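Asker: Hey, dropping coords_7.pdb in here, PDB, C-alpha atoms:
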ATOM      1  CA  GLY M 206     139.139  80.200 107.983
ATOM      2  CA  ALA M 207     137.803  76.690 108.318
ATOM      3  CA  VAL M 208     134.886  75.744 106.081
ATOM      4  CA  VAL M 209     131.967  73.529 106.993
ATOM      5  CA  SER M 210     129.691  72.420 104.200
ATOM      6  CA  GLN M 211     126.127  71.350 104.965
ATOM      7  CA  HIS M 212     123.785  69.737 102.450
ATOM      8  CA  PRO M 213     121.071  69.980 101.433
ATOM      9  CA  SER M 214     120.270  73.605 102.179
ATOM     10  CA  ARG M 215     116.571  73.001 101.790
ATOM     11  CA  VAL M 216     114.465  69.863 101.650
ATOM     12  CA  ILE M 217     110.758  69.231 101.395
ATOM     13  CA  CYS M 218     109.513  65.739 102.113
ATOM     14  CA  LYS M 219     106.331  63.829 102.758
ATOM     15  CA  SER M 220     105.344  62.750 106.221
ATOM     16  CA  GLY M 221     106.734  59.319 107.068
ATOM     17  CA  THR M 222     109.856  59.549 104.931
ATOM     18  CA  SER M 223     113.425  59.843 106.182
ATOM     19  CA  VAL M 224     115.791  62.679 105.401
ATOM     20  CA  LYS M 225     119.573  62.669 105.653
ATOM     21  CA  ILE M 226     121.561  65.851 106.225
ATOM     22  CA  GLU M 227     125.323  65.894 105.692
ATOM     23  CA  CYS M 228     127.892  68.044 107.430
ATOM     24  CA  ARG M 229     131.444  68.067 106.080
ATOM     25  CA  SER M 230     134.565  69.806 107.277
ATOM     26  CA  LEU M 231     136.294  70.723 104.030
ATOM     27  CA  ASP M 232     139.797  71.744 105.070
ATOM     28  CA  PHE M 233     140.280  70.316 108.530
ATOM     29  CA  GLN M 234     139.545  67.248 110.580
ATOM     30  CA  ALA M 235     136.780  67.491 113.125
ATOM     31  CA  THR M 236     136.692  64.913 115.867
ATOM     32  CA  THR M 237     133.673  66.641 117.350
ATOM     33  CA  MET M 238     130.660  68.017 115.555
ATOM     34  CA  PHE M 239     127.424  69.360 116.961
ATOM     35  CA  TRP M 240     123.870  69.306 115.650
ATOM     36  CA  TYR M 241     121.392  72.044 116.493
ATOM     37  CA  ARG M 242     117.797  72.826 115.817
ATOM     38  CA  GLN M 243     116.632  76.389 115.460
ATOM     39  CA  PHE M 244     113.059  77.622 115.456
ATOM     40  CA  PRO M 245     112.172  80.888 113.703
ATOM     41  CA  LYS M 246     113.698  83.917 115.357
ATOM     42  CA  GLN M 247     115.044  81.841 118.238
ATOM     43  CA  SER M 248     118.444  80.741 119.435
ATOM     44  CA  LEU M 249     120.149  77.426 118.757
ATOM     45  CA  MET M 250     119.032  74.341 120.617
ATOM     46  CA  LEU M 251     121.744  71.707 120.918
ATOM     47  CA  MET M 252     120.437  68.300 119.894
ATOM     48  CA  ALA M 253     123.517  66.124 120.123
ATOM     49  CA  THR M 254     127.281  65.968 120.162
ATOM     50  CA  SER M 255     128.791  63.784 117.484
ATOM     51  CA  ASN M 256     132.187  62.211 118.128
ATOM     52  CA  GLU M 257     134.114  60.465 115.382
ATOM     53  CA  GLY M 258     134.116  56.717 115.832
ATOM     54  CA  SER M 259     131.747  56.605 118.775
ATOM     55  CA  LYS M 260     128.088  57.002 119.577
ATOM     56  CA  ALA M 261     126.612  60.460 119.658
ATOM     57  CA  THR M 262     125.650  62.050 122.946
ATOM     58  CA  TYR M 263     122.090  63.318 122.861
ATOM     59  CA  GLU M 264     120.666  66.161 124.890
ATOM     60  CA  GLN M 265     117.783  65.521 127.219
ATOM     61  CA  GLY M 266     114.488  65.291 125.382
ATOM     62  CA  VAL M 267     115.999  64.470 121.989
ATOM     63  CA  GLU M 268     114.951  61.062 120.666
ATOM     64  CA  LYS M 269     118.026  59.202 119.490
ATOM     65  CA  ASP M 270     115.959  56.757 117.434
ATOM     66  CA  LYS M 271     114.271  59.649 115.709
ATOM     67  CA  PHE M 272     117.402  61.656 114.992
ATOM     68  CA  LEU M 273     120.139  59.245 113.935
ATOM     69  CA  ILE M 274     123.649  60.658 113.979
ATOM     70  CA  ASN M 275     126.646  59.024 112.349
ATOM     71  CA  HIS M 276     130.196  60.357 112.471
ATOM     72  CA  ALA M 277     132.070  57.712 110.559
ATOM     73  CA  SER M 278     135.013  59.833 109.484
ATOM     74  CA  LEU M 279     136.934  62.861 110.671
ATOM     75  CA  THR M 280     135.326  65.031 108.019
ATOM     76  CA  LEU M 281     131.731  63.864 107.853
ATOM     77  CA  SER M 282     128.795  63.695 110.228
ATOM     78  CA  THR M 283     125.248  62.928 109.152
ATOM     79  CA  LEU M 284     121.891  63.525 110.777
ATOM     80  CA  THR M 285     118.990  61.381 109.608
ATOM     81  CA  VAL M 286     115.498  62.430 110.577
ATOM     82  CA  THR M 287     113.571  59.164 110.498
ATOM     83  CA  SER M 288     109.857  58.916 109.779
ATOM     84  CA  ALA M 289     109.597  62.674 109.583
ATOM     85  CA  HIS M 290     106.445  64.436 110.708
ATOM     86  CA  PRO M 291     105.325  68.049 110.252
ATOM     87  CA  GLU M 292     106.469  68.897 113.791
ATOM     88  CA  ASP M 293     110.015  67.994 112.717
ATOM     89  CA  SER M 294     109.981  70.910 110.298
ATOM     90  CA  SER M 295     112.746  73.242 111.377
ATOM     91  CA  PHE M 296     116.132  74.731 110.553
ATOM     92  CA  TYR M 297     118.902  72.257 111.376
ATOM     93  CA  ILE M 298     122.498  73.443 111.712
ATOM     94  CA  CYS M 299     125.741  71.581 112.267
ATOM     95  CA  SER M 300     129.004  72.888 113.613
ATOM     96  CA  ALA M 301     132.504  71.501 113.836
ATOM     97  CA  ARG M 302     134.883  72.105 116.670
ATOM     98  CA  VAL M 303     138.384  73.333 115.863
ATOM     99  CA  GLN M 304     141.031  72.986 118.481
ATOM    100  CA  GLY M 305     143.919  75.365 118.456
ATOM    101  CA  LEU M 306     145.075  78.331 120.483
ATOM    102  CA  GLU M 307     141.406  79.090 120.979
ATOM    103  CA  GLU M 308     138.289  76.968 121.018
ATOM    104  CA  LYS M 309     136.309  77.685 117.876
ATOM    105  CA  LEU M 310     133.151  76.467 116.238
ATOM    106  CA  PHE M 311     132.553  76.719 112.526
ATOM    107  CA  PHE M 312     128.992  76.346 111.394
ATOM    108  CA  GLY M 313     127.402  74.916 108.309
ATOM    109  CA  SER M 314     124.909  77.067 106.435
ATOM    110  CA  GLY M 315     121.952  75.106 107.754
ATOM    111  CA  THR M 316     119.190  72.938 106.313
ATOM    112  CA  GLN M 317     115.589  74.067 106.190
ATOM    113  CA  LEU M 318     113.428  70.965 106.518
ATOM    114  CA  SER M 319     109.758  71.151 105.634
ATOM    115  CA  VAL M 320     107.645  68.056 106.210
ATOM    116  CA  LEU M 321     104.287  68.040 104.455
TER     117      LEU M 321
ATOM    118  CA  THR O 480     117.828  74.725 130.616
ATOM    119  CA  GLN O 481     118.911  78.037 129.113
ATOM    120  CA  LEU O 482     121.751  79.408 131.197
ATOM    121  CA  LEU O 483     122.593  82.492 129.169
ATOM    122  CA  GLU O 484     120.094  85.326 128.996
ATOM    123  CA  GLN O 485     120.566  88.014 126.406
ATOM    124  CA  SER O 486     118.986  91.436 126.483
ATOM    125  CA  PRO O 487     117.370  93.004 124.706
ATOM    126  CA  GLN O 488     115.652  90.273 122.711
ATOM    127  CA  PHE O 489     114.821  92.640 119.867
ATOM    128  CA  LEU O 490     116.258  95.983 118.896
ATOM    129  CA  SER O 491     115.361  98.228 116.006
ATOM    130  CA  ILE O 492     117.458 101.366 115.623
ATOM    131  CA  GLN O 493     118.360 104.004 113.087
ATOM    132  CA  GLU O 494     121.641 103.966 111.210
ATOM    133  CA  GLY O 495     124.334 105.809 113.154
ATOM    134  CA  GLU O 496     122.996 105.027 116.606
ATOM    135  CA  ASN O 497     124.943 103.165 119.273
ATOM    136  CA  LEU O 498     123.722 100.064 121.063
ATOM    137  CA  THR O 499     124.748  97.544 123.696
ATOM    138  CA  VAL O 500     123.717  93.912 123.951
ATOM    139  CA  TYR O 501     124.102  92.059 127.222
ATOM    140  CA  CYS O 502     124.725  88.393 127.909
ATOM    141  CA  ASN O 503     124.213  87.311 131.507
ATOM    142  CA  SER O 504     124.587  84.106 133.446
ATOM    143  CA  SER O 505     125.008  82.819 136.963
ATOM    144  CA  SER O 506     127.575  80.314 135.694
ATOM    145  CA  VAL O 507     131.283  80.835 135.201
ATOM    146  CA  PHE O 508     132.644  80.124 131.733
ATOM    147  CA  SER O 509     136.167  79.361 130.615
ATOM    148  CA  SER O 510     135.583  81.600 127.613
ATOM    149  CA  LEU O 511     132.753  83.376 125.858
ATOM    150  CA  GLN O 512     132.108  83.861 122.186
ATOM    151  CA  TRP O 513     129.895  86.142 120.142
ATOM    152  CA  TYR O 514     128.367  85.118 116.829
ATOM    153  CA  ARG O 515     126.257  86.875 114.199
ATOM    154  CA  GLN O 516     123.746  84.952 112.161
ATOM    155  CA  GLU O 517     121.913  86.114 109.052
ATOM    156  CA  PRO O 518     118.631  84.553 107.888
ATOM    157  CA  GLY O 519     119.070  81.164 106.284
ATOM    158  CA  GLU O 520     122.721  80.938 107.257
ATOM    159  CA  GLY O 521     124.769  79.458 110.068
ATOM    160  CA  PRO O 522     126.260  81.674 112.785
ATOM    161  CA  VAL O 523     129.660  83.234 112.145
ATOM    162  CA  LEU O 524     132.139  83.719 114.953
ATOM    163  CA  LEU O 525     132.932  87.354 115.730
ATOM    164  CA  VAL O 526     135.175  87.105 118.771
ATOM    165  CA  THR O 527     136.316  84.972 121.683
ATOM    166  CA  VAL O 528     137.063  86.472 125.088
ATOM    167  CA  VAL O 529     138.920  84.416 127.643
ATOM    168  CA  THR O 530     140.191  86.539 130.508
ATOM    169  CA  GLY O 531     137.947  88.182 133.096
ATOM    170  CA  GLY O 532     137.700  91.895 132.315
ATOM    171  CA  GLU O 533     139.051  91.405 128.800
ATOM    172  CA  VAL O 534     138.032  93.939 126.164
ATOM    173  CA  LYS O 535     138.329  93.237 122.451
ATOM    174  CA  LYS O 536     137.572  95.560 119.570
ATOM    175  CA  LEU O 537     136.575  94.580 116.078
ATOM    176  CA  LYS O 538     136.165  97.769 114.054
ATOM    177  CA  ARG O 539     132.972  99.361 115.435
ATOM    178  CA  LEU O 540     132.236  96.421 117.759
ATOM    179  CA  THR O 541     133.552  96.305 121.311
ATOM    180  CA  PHE O 542     133.286  93.126 123.352
ATOM    181  CA  GLN O 543     133.840  92.857 127.085
ATOM    182  CA  PHE O 544     134.030  89.816 129.331
ATOM    183  CA  GLY O 545     132.909  90.367 132.910
ATOM    184  CA  ASP O 546     135.490  90.255 135.669
ATOM    185  CA  ALA O 547     133.920  87.102 137.115
ATOM    186  CA  ARG O 548     133.603  85.509 133.647
ATOM    187  CA  LYS O 549     129.839  85.191 134.050
ATOM    188  CA  ASP O 550     128.658  87.880 131.689
ATOM    189  CA  SER O 551     129.603  89.813 128.593
ATOM    190  CA  SER O 552     128.546  92.787 126.557
ATOM    191  CA  LEU O 553     128.695  93.772 122.920
ATOM    192  CA  HIS O 554     128.696  97.455 122.048
ATOM    193  CA  ILE O 555     128.219  98.652 118.494
ATOM    194  CA  THR O 556     129.143 102.214 117.622
ATOM    195  CA  ALA O 557     127.454 103.999 114.729
ATOM    196  CA  ALA O 558     125.418 101.005 113.641
ATOM    197  CA  GLN O 559     125.098 100.278 109.929
ATOM    198  CA  PRO O 560     122.369  98.361 108.066
ATOM    199  CA  GLY O 561     124.969  95.651 107.467
ATOM    200  CA  ASP O 562     125.033  95.013 111.222
ATOM    201  CA  THR O 563     121.491  93.662 111.016
ATOM    202  CA  GLY O 564     121.222  90.074 112.188
ATOM    203  CA  LEU O 565     120.813  87.724 115.118
ATOM    204  CA  TYR O 566     123.575  88.102 117.684
ATOM    205  CA  LEU O 567     124.312  85.083 119.839
ATOM    206  CA  CYS O 568     126.632  84.779 122.776
ATOM    207  CA  ALA O 569     127.967  81.356 123.691
ATOM    208  CA  GLY O 570     129.633  80.411 126.935
ATOM    209  CA  VAL O 571     132.155  77.597 126.897
ATOM    210  CA  LYS O 572     132.275  75.313 129.918
ATOM    211  CA  GLY O 573     134.895  72.671 130.424
ATOM    212  CA  THR O 574     136.506  71.237 127.303
ATOM    213  CA  TYR O 575     133.869  71.976 124.688
ATOM    214  CA  LYS O 576     130.452  72.384 126.189
ATOM    215  CA  TYR O 577     128.903  75.379 124.447
ATOM    216  CA  ILE O 578     125.869  77.091 125.947
ATOM    217  CA  PHE O 579     124.167  79.480 123.552
ATOM    218  CA  GLY O 580     122.377  82.586 124.695
ATOM    219  CA  THR O 581     118.763  83.409 123.971
ATOM    220  CA  GLY O 582     119.741  85.700 121.104
ATOM    221  CA  THR O 583     119.299  89.363 120.235
ATOM    222  CA  ARG O 584     117.706  90.260 116.953
ATOM    223  CA  LEU O 585     119.048  93.590 115.678
ATOM    224  CA  LYS O 586     117.615  95.595 112.828
ATOM    225  CA  VAL O 587     119.375  98.734 111.680
ATOM    226  CA  LEU O 588     117.270 100.995 109.518
ATOM    227  CA  ALA O 589     118.859 103.135 106.819
TER     228      ALA O 589
END
I need this file expressed as C-alpha coordinates, please.
Answerer:
Amino acid sequence: GAVVSQHPSRVICKSGTSVKIECRSLDFQATTMFWYRQFPKQSLMLMATSNEGSKATYEQGVEKDKFLINHASLTLSTLTVTSAHPEDSSFYICSARVQGLEEKLFFGSGTQLSVL
Amino acid sequence: TQLLEQSPQFLSIQEGENLTVYCNSSSVFSSLQWYRQEPGEGPVLLVTVVTGGEVKKLKRLTFQFGDARKDSSLHITAAQPGDTGLYLCAGVKGTYKYIFGTGTRLKVLA
(Lines of atoms letter the chains of each structure in order from A and count residues from 1; the text may use other names and numbers.)
(Lines give C-alpha, C1' and ligand atoms only; values in the text may rest on other atoms or scores of the structure.)
Protein backbone atom coordinates (compact mmCIF):
# COMPACT_ATOMS: atom_id res chain seq x y z
CA GLY A 1 0.00 0.00 0.00
CA ALA A 2 0.90 3.65 -0.23
CA VAL A 3 3.38 4.97 2.32
CA VAL A 4 3.34 8.37 3.97
CA SER A 5 6.38 9.38 5.95
CA GLN A 6 6.10 12.02 8.66
CA HIS A 7 9.06 13.58 10.46
CA PRO A 8 9.99 14.19 13.15
CA SER A 9 8.07 11.67 15.23
CA ARG A 10 8.72 13.60 18.40
CA VAL A 11 9.95 17.11 19.07
CA ILE A 12 10.48 19.12 22.22
CA CYS A 13 11.02 22.84 21.87
CA LYS A 14 11.12 26.00 23.92
CA SER A 15 8.25 28.43 23.95
CA GLY A 16 8.58 31.04 21.21
CA THR A 17 10.45 28.86 18.74
CA SER A 18 9.11 27.52 15.46
CA VAL A 19 8.83 23.86 14.54
CA LYS A 20 8.52 22.37 11.06
CA ILE A 21 6.87 19.01 10.46
CA GLU A 22 7.28 17.24 7.12
CA CYS A 23 4.86 14.88 5.43
CA ARG A 24 6.05 12.95 2.38
CA SER A 25 4.28 10.54 0.09
CA LEU A 26 6.99 8.01 -0.71
CA ASP A 27 5.59 6.01 -3.61
CA PHE A 28 2.81 8.12 -5.05
CA GLN A 29 1.94 11.69 -5.86
CA ALA A 30 -0.48 13.44 -3.57
CA THR A 31 -2.19 16.53 -4.86
CA THR A 32 -4.11 16.79 -1.61
CA MET A 33 -2.83 16.31 1.90
CA PHE A 34 -4.54 16.96 5.20
CA TRP A 35 -3.22 18.08 8.57
CA TYR A 36 -4.89 17.05 11.81
CA ARG A 37 -4.44 17.67 15.47
CA GLN A 38 -5.29 15.01 17.99
CA PHE A 39 -5.63 15.45 21.73
CA PRO A 40 -5.07 12.48 24.06
CA LYS A 41 -7.68 9.79 23.68
CA GLN A 42 -9.72 11.90 21.27
CA SER A 43 -10.54 11.80 17.59
CA LEU A 44 -8.81 13.70 14.80
CA MET A 45 -9.50 17.38 14.35
CA LEU A 46 -8.94 18.58 10.80
CA MET A 47 -6.80 21.71 10.76
CA ALA A 48 -6.34 22.35 7.06
CA THR A 49 -6.40 20.92 3.58
CA SER A 50 -3.17 21.31 1.66
CA ASN A 51 -3.31 21.43 -2.13
CA GLU A 52 -0.17 21.25 -4.23
CA GLY A 53 0.67 24.58 -5.79
CA SER A 54 -2.01 26.60 -4.05
CA LYS A 55 -2.83 28.04 -0.66
CA ALA A 56 -4.05 25.74 2.05
CA THR A 57 -7.66 25.82 3.15
CA TYR A 58 -7.94 26.20 6.90
CA GLU A 59 -10.78 25.01 9.07
CA GLN A 60 -12.69 27.50 11.15
CA GLY A 61 -10.82 28.49 14.28
CA VAL A 62 -7.38 27.49 13.00
CA GLU A 63 -4.96 30.41 12.75
CA LYS A 64 -3.29 30.34 9.36
CA ASP A 65 -0.48 32.64 10.52
CA LYS A 66 0.19 30.33 13.42
CA PHE A 67 0.12 27.09 11.47
CA LEU A 68 1.88 27.67 8.15
CA ILE A 69 1.29 25.01 5.52
CA ASN A 70 3.32 24.64 2.35
CA HIS A 71 2.68 22.06 -0.36
CA ALA A 72 5.34 22.93 -2.88
CA SER A 73 5.57 19.55 -4.57
CA LEU A 74 3.39 16.54 -5.25
CA THR A 75 5.18 14.53 -2.60
CA LEU A 76 5.80 16.97 0.22
CA SER A 77 3.69 19.09 2.53
CA THR A 78 5.03 20.89 5.58
CA LEU A 79 3.37 22.29 8.66
CA THR A 80 5.25 24.96 10.59
CA VAL A 81 4.05 25.83 14.06
CA THR A 82 5.27 29.40 14.51
CA SER A 83 6.11 30.93 17.88
CA ALA A 84 5.02 27.78 19.64
CA HIS A 85 3.43 27.95 23.07
CA PRO A 86 2.66 25.19 25.58
CA GLU A 87 -0.98 25.11 24.44
CA ASP A 88 0.27 24.06 20.99
CA SER A 89 1.55 20.82 22.49
CA SER A 90 -0.31 18.02 20.78
CA PHE A 91 -0.10 15.08 18.40
CA TYR A 92 -0.10 16.29 14.79
CA ILE A 93 -0.88 13.88 11.95
CA CYS A 94 -0.84 14.29 8.20
CA SER A 95 -2.62 12.24 5.59
CA ALA A 96 -2.43 12.03 1.83
CA ARG A 97 -5.34 11.42 -0.45
CA VAL A 98 -5.07 8.65 -3.04
CA GLN A 99 -7.47 8.67 -5.90
CA GLY A 100 -8.31 5.43 -7.57
CA LEU A 101 -11.24 3.06 -7.69
CA GLU A 102 -11.89 4.10 -4.12
CA GLU A 103 -11.15 7.22 -2.14
CA LYS A 104 -8.40 6.45 0.34
CA LEU A 105 -6.38 8.29 2.92
CA PHE A 106 -2.96 7.15 4.03
CA PHE A 107 -1.70 8.60 7.25
CA GLY A 108 1.72 9.51 8.51
CA SER A 109 2.80 8.12 11.87
CA GLY A 110 2.29 11.45 13.61
CA THR A 111 4.43 13.99 15.43
CA GLN A 112 4.24 14.49 19.17
CA LEU A 113 5.02 18.14 19.85
CA SER A 114 5.86 19.24 23.37
CA VAL A 115 6.41 22.94 23.98
CA LEU A 116 8.14 23.80 27.24
CA THR B 1 -19.01 20.71 14.36
CA GLN B 2 -18.74 16.96 14.88
CA LEU B 3 -21.22 15.27 12.59
CA LEU B 4 -20.37 11.65 13.31
CA GLU B 5 -21.12 10.22 16.73
CA GLN B 6 -19.60 6.92 17.70
CA SER B 7 -20.80 4.68 20.49
CA PRO B 8 -19.63 3.46 22.81
CA GLN B 9 -16.79 5.88 23.53
CA PHE B 10 -14.90 3.31 25.58
CA LEU B 11 -15.15 -0.45 25.73
CA SER B 12 -13.18 -2.90 27.80
CA ILE B 13 -13.92 -6.57 27.19
CA GLN B 14 -12.45 -9.99 27.74
CA GLU B 15 -10.73 -11.92 24.98
CA GLY B 16 -13.24 -14.00 23.03
CA GLU B 17 -16.20 -11.69 23.50
CA ASN B 18 -18.11 -10.07 20.66
CA LEU B 19 -18.72 -6.36 20.31
CA THR B 20 -20.37 -3.81 18.04
CA VAL B 21 -19.36 -0.20 17.50
CA TYR B 22 -21.81 2.25 16.00
CA CYS B 23 -21.23 5.33 13.89
CA ASN B 24 -24.24 7.60 13.47
CA SER B 25 -24.98 10.79 11.61
CA SER B 26 -27.86 12.82 10.28
CA SER B 27 -25.87 13.48 7.10
CA VAL B 28 -25.66 11.33 4.01
CA PHE B 29 -22.18 10.27 2.92
CA SER B 30 -20.95 9.10 -0.45
CA SER B 31 -18.87 6.49 1.35
CA LEU B 32 -17.76 5.60 4.85
CA GLN B 33 -14.46 4.30 6.08
CA TRP B 34 -13.26 2.64 9.26
CA TYR B 35 -9.77 3.10 10.65
CA ARG B 36 -7.85 1.66 13.59
CA GLN B 37 -5.23 3.70 15.36
CA GLU B 38 -2.66 2.49 17.88
CA PRO B 39 -0.97 4.83 20.38
CA GLY B 40 1.68 7.02 18.83
CA GLU B 41 0.76 6.00 15.30
CA GLY B 42 -1.42 7.29 12.50
CA PRO B 43 -4.76 5.64 11.69
CA VAL B 44 -4.75 2.69 9.30
CA LEU B 45 -7.61 2.13 6.90
CA LEU B 46 -9.59 -1.06 7.53
CA VAL B 47 -12.41 -0.82 5.02
CA THR B 48 -14.45 1.44 2.77
CA VAL B 49 -18.17 0.92 2.26
CA VAL B 50 -19.92 2.71 -0.56
CA THR B 51 -23.36 1.27 -1.23
CA GLY B 52 -26.30 1.62 1.15
CA GLY B 53 -26.82 -1.68 2.95
CA GLU B 54 -23.38 -2.94 1.96
CA VAL B 55 -21.73 -5.50 4.23
CA LYS B 56 -18.01 -6.20 4.14
CA LYS B 57 -16.07 -8.77 6.11
CA LEU B 58 -12.43 -8.63 7.06
CA LYS B 59 -11.60 -11.81 8.96
CA ARG B 60 -13.38 -11.40 12.32
CA LEU B 61 -14.55 -7.85 11.53
CA THR B 62 -17.88 -7.18 9.85
CA PHE B 63 -18.72 -3.72 8.57
CA GLN B 64 -22.15 -2.54 7.49
CA PHE B 65 -23.24 0.68 5.83
CA GLY B 66 -26.77 1.81 6.62
CA ASP B 67 -29.38 1.70 3.89
CA ALA B 68 -29.64 5.50 3.87
CA ARG B 69 -25.83 5.89 3.96
CA LYS B 70 -26.02 7.86 7.20
CA ASP B 71 -24.69 5.32 9.64
CA SER B 72 -22.45 2.30 9.94
CA SER B 73 -21.52 -0.44 12.34
CA LEU B 74 -18.44 -2.49 13.05
CA HIS B 75 -18.86 -5.90 14.63
CA ILE B 76 -15.92 -7.84 15.98
CA THR B 77 -16.32 -11.54 16.67
CA ALA B 78 -14.17 -13.27 19.28
CA ALA B 79 -12.09 -10.21 20.07
CA GLN B 80 -8.35 -10.63 20.53
CA PRO B 81 -5.89 -8.44 22.47
CA GLY B 82 -4.46 -7.41 19.10
CA ASP B 83 -7.78 -5.71 18.32
CA THR B 84 -7.06 -3.14 21.03
CA GLY B 85 -6.94 0.40 19.69
CA LEU B 86 -8.89 3.50 18.76
CA TYR B 87 -11.49 2.83 16.09
CA LEU B 88 -12.51 5.77 13.94
CA CYS B 89 -15.22 5.99 11.35
CA ALA B 90 -14.94 8.64 8.66
CA GLY B 91 -17.71 9.77 6.36
CA VAL B 92 -16.77 11.11 2.95
CA LYS B 93 -18.84 13.95 1.56
CA GLY B 94 -18.47 15.27 -1.94
CA THR B 95 -15.08 14.83 -3.59
CA TYR B 96 -12.82 14.48 -0.57
CA LYS B 97 -14.30 16.03 2.51
CA TYR B 98 -13.65 13.58 5.33
CA ILE B 99 -15.58 13.86 8.58
CA PHE B 100 -14.10 11.78 11.38
CA GLY B 101 -16.19 10.24 14.10
CA THR B 102 -15.72 10.82 17.80
CA GLY B 103 -13.82 7.56 18.18
CA THR B 104 -14.23 4.35 20.16
CA ARG B 105 -11.41 3.21 22.37
CA LEU B 106 -11.37 -0.59 22.64
CA LYS B 107 -9.34 -2.60 25.10
CA VAL B 108 -9.36 -6.37 24.89
CA LEU B 109 -8.05 -8.10 27.98
CA ALA B 110 -6.27 -11.44 27.72
Asker: How would you write, as number ranges by chain, the residues chosen by the PyMOL selection byres ((chain O) within 7 of (chain M)) on this structure?
Answerer: O: 519-523, 579-582
Asker: Using all atoms listed in the file, what residues lie at most 9 Å away from (116.8, 90.1, 126.7) (file coordinates), given as a PDB file with C-alpha atoms, keeping the file's coordinate frame?
Answerer:
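And here is the file that came out, selection_13.pdb:
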ATOM      1  CA  GLU O 484     120.094  85.326 128.996  1.00  0.00           C
ATOM      2  CA  GLN O 485     120.566  88.014 126.406  1.00  0.00           C
ATOM      3  CA  SER O 486     118.986  91.436 126.483  1.00  0.00           C
ATOM      4  CA  PRO O 487     117.370  93.004 124.706  1.00  0.00           C
ATOM      5  CA  GLN O 488     115.652  90.273 122.711  1.00  0.00           C
ATOM      6  CA  PHE O 489     114.821  92.640 119.867  1.00  0.00           C
ATOM      7  CA  VAL O 500     123.717  93.912 123.951  1.00  0.00           C
ATOM      8  CA  TYR O 501     124.102  92.059 127.222  1.00  0.00           C
ATOM      9  CA  CYS O 502     124.725  88.393 127.909  1.00  0.00           C
ATOM     10  CA  THR O 581     118.763  83.409 123.971  1.00  0.00           C
ATOM     11  CA  GLY O 582     119.741  85.700 121.104  1.00  0.00           C
ATOM     12  CA  THR O 583     119.299  89.363 120.235  1.00  0.00           C
TER      13      THR O 583
END
Asker: Is it possible to get the residues within 12 Å of (126.2, 58.9, 111.1) (coordinates as in the file, counting all atoms listed in the file) written as a PyMOL selection string?
Answerer: chain M and resi 225-229+238+240+253-261+269+272-286
Asker: Can you tell me how far CA of Pro213 in chain M sits from CA of Leu231 in chain M, in Å to one decimal?
Answerer: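 Here the two named atoms are 15.5 Å from each other.
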Asker: Decode the PyMOL selection byres ((chain M and resi 319) around 7) for the given file into explicit residues and return them as a list of chain:residue names.
Answerer: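 Checked against the file, the PyMOL selection byres ((chain M and resi 319) around 7) matches M:Val216, M:Ile217, M:Cys218, M:Ser294, M:Ser295, M:Gln317, M:Leu318, M:Val320, M:Leu321.
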Asker: Of the candidates M:Thr262, M:Gln234, M:Met252, M:Lys271, which one gets nearest to His290 in chain M if we count all atoms listed in the file?
Answerer: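 For His290 in chain M, the nearest of the given residues is M:Lys271.
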Asker: Mind telling me what the PyMOL selection byres ((chain O and resi 525) around 8) catches here, as a list of chain:residue names?
Answerer: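 Here the PyMOL selection byres ((chain O and resi 525) around 8) matches O:Gln512, O:Trp513, O:Tyr514, O:Arg515, O:Val523, O:Leu524, O:Val526, O:Thr527.
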Asker: Taking 6 positions as the minimum chain separation for residues in the same chain, which residues sit within 10 Å of Leu540 in chain O when counting only C-alpha atoms? Answer as a list in words.
Answerer: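 The residues satisfying every condition are Leu498, Thr499, Leu525, Val526, Leu553, His554, Ile555, Thr556, Ala557, Ala558 and Asp562 of chain O.
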Asker: Choose the residue, out of O:Gln559, O:Leu585, O:Val529, O:Gly570, that has the smallest atom-to-atom separation from Glu496 in chain O; count all atoms listed in the file.
Answerer: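 Closest candidate: O:Gln559.
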Asker: Show me, as lines of an AutoDock Vina configuration file, the centre and edge lengths in Å to one decimal of the axis-aligned box that covers every listed atom of range 574-579 of chain O with 4 Å on each side.
Answerer:
center_x = 130.3
center_y = 75.4
center_z = 125.4
size_x = 20.3
size_y = 16.2
size_z = 11.8
Asker: Interatomic distance between CA of Leu565 in chain O and CA of Glu517 in chain O?
Answerer: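 Here the two named atoms are 6.4 Å from each other.
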Asker: List the spatial neighbours of Leu588 in chain O as a ChimeraX atom specification - criterion: any atom at most 7 Å away, only C-alpha atoms, same-chain residues fewer than 3 positions off excluded.
Answerer: /O:492-494,560
Asker: If you measure from CA of Ser506 in chain O to CA of Leu537 in chain O, what distance in Å do you get, rounded to one decimal?
Answerer: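 Answer for the CA of Ser506 in chain O to CA of Leu537 in chain O separation: 25.9 Å.
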Asker: Identify which of the residues O:Lys549, O:Gly531, O:Leu482, O:Ser491 lies closest to Val587 in chain O, counting all atoms listed in the file when measuring atom-to-atom distances.
Answerer: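 Ranked by minimum distance to Val587 in chain O, first place goes to O:Ser491.
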Asker: For Lys576 in chain O, which of M:Ser220, M:Glu264, M:Glu292, M:Val208 is the closest residue, counting all atoms listed in the file?
Answerer: M:Glu264
